[in-house]
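Here's the structure, in structure tokens; my notes come after.
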Amino acid sequence: MASFDFTVKPSDEWPVPRGFSGDIGPFGPVHVTRPREESGHTPLRQVLLSGPAFPSAEFGGGSGILPSLDGGWLRVDDTVVDMDLKVKGVRKGSRRLELTLRERHYTYTSFGFMRQAQLTREGVTVTLDTPSWKKEGGGPVRYGKVEGESDATDLAIALILEEVDKNCLTTSGALLSLPGRLLFGGRYRDEGTPE
């Protein structure tokens with residue numbers, strides 16, 4: 001599919017948006033949601049993506065109370081995506097997420113929650129951003145740009161990661177995670193399970 005732009009808007013306004021929906025160019029409607037947990041229960045730490053032209057996608061697990069790249073898992077069309085978090089330091093460009101789905105290899109970078117994020121594979125780039133925290137219809141609107149011959153799988157991965165805690169890819173997140181990594185060596189994370 002050729003290059004195009006798109007917009008997705010919050011689909012749940014109370015008390016904080018927990019998902020978004022929109023029409024993604026030639027692929028049509030999509031809905032991404034982070035289901036609410038029942039009061040007093042363990043947080044679900046889950047994100048779901050659905051749309052007629054999109055593969056089913058689910059993200060779960062991670063550290064903290066939100067689904068998180070740090071320790072989480074991703075499944076697309078019943079196939080678990082191999083994810084490798086590369087945190088080499090605190091400088092820009094030293095943190096990224098590498099994903100492998102079947103024969104495809106992706107690199108994902110982000111500057112933080114509601115900031116620019118980019119998913120790339122050979123010949124394809126999907127960028128999502130919320131410039132200046134623009135608000136419309138009750139919450140921040142995300143603007144997307146697709147470059148190259150993308151398909152629904154590329155977009156599903158980029159869109160579902162928008163509702164995941166990406167703090168470990170930011171400079172502040174890398175600095176804040178150092179004590180925990182030194183003290184616990186990653187054992188404080190809930191890896192969850194894709195099964």
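Ordering of the structure tokens sets the chain letters (A, B, ...), residue numbers begin anew at 1 in every chain, and ligands are numbered from 1 in the order given.
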Subject >> Selection near Arg142 (chain A), 7 Å with only C-alpha atoms, sequence-local residues under 4 positions removed, as an MDAnalysis selection string >> reply: chainID A and resid 7:9 128:130
Any chance you could export the current selection's N, CA and C atoms as a PDB file, in the first residue's frame?
```pdb
ATOM      1  N   THR A   7      -5.513   9.719  11.070  1.00  0.00           N
ATOM      2  CA  THR A   7      -5.736  10.279  12.402  1.00  0.00           C
ATOM      3  C   THR A   7      -6.550   9.279  13.210  1.00  0.00           C
ATOM      4  N   VAL A   8      -6.194   9.117  14.481  1.00  0.00           N
ATOM      5  CA  VAL A   8      -7.010   8.307  15.387  1.00  0.00           C
ATOM      6  C   VAL A   8      -7.336   9.158  16.614  1.00  0.00           C
ATOM      7  N   LYS A   9      -8.559   8.960  17.134  1.00  0.00           N
ATOM      8  CA  LYS A   9      -9.037   9.779  18.245  1.00  0.00           C
ATOM      9  C   LYS A   9      -9.397   8.898  19.435  1.00  0.00           C
ATOM     10  N   LEU A 128       3.770   7.700  14.490  1.00  0.00           N
ATOM     11  CA  LEU A 128       2.609   8.232  15.215  1.00  0.00           C
ATOM     12  C   LEU A 128       3.090   9.348  16.129  1.00  0.00           C
ATOM     13  N   ASP A 129       2.300  10.422  16.211  1.00  0.00           N
ATOM     14  CA  ASP A 129       2.706  11.568  17.017  1.00  0.00           C
ATOM     15  C   ASP A 129       1.464  12.321  17.490  1.00  0.00           C
ATOM     16  N   THR A 130       1.603  13.067  18.578  1.00  0.00           N
ATOM     17  CA  THR A 130       0.563  13.961  19.086  1.00  0.00           C
ATOM     18  C   THR A 130       1.218  15.315  19.280  1.00  0.00           C
TER      19      THR A 130
END
```
**OP:** Pick out the residues sitting within 7 Å of Thr100 (chain A), and hand them over as a PyMOL selection string; count only C-alpha atoms, and ignore anything fewer than 5 positions along from it in its own chain.
**Re:** chain A and resi 81-83+105-106
Original post:
Using only C-alpha atoms, which residues sit within 7 Å of Gly148 (chain A) once same-chain residues fewer than 4 positions away are excluded, as a list of chain:residue names?
Top reply: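 Surrounding residues, per the criterion: A:Ala2, A:Ser3, A:Gly123, A:Val124, A:Thr125.
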Hey, can you spit out that residue selection with C-alpha atoms as a PDB file, in the first residue's frame?
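Written file, result16.pdb:
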```pdb
ATOM      1  CA  ALA A   2       1.369   3.425  -0.935  1.00  0.00           C
ATOM      2  CA  SER A   3       2.187   6.195   1.564  1.00  0.00           C
ATOM      3  CA  GLY A 123      11.029  -0.232   3.042  1.00  0.00           C
ATOM      4  CA  VAL A 124       8.278   0.709   5.537  1.00  0.00           C
ATOM      5  CA  THR A 125       8.002   3.358   8.274  1.00  0.00           C
TER       6      THR A 125
END
```
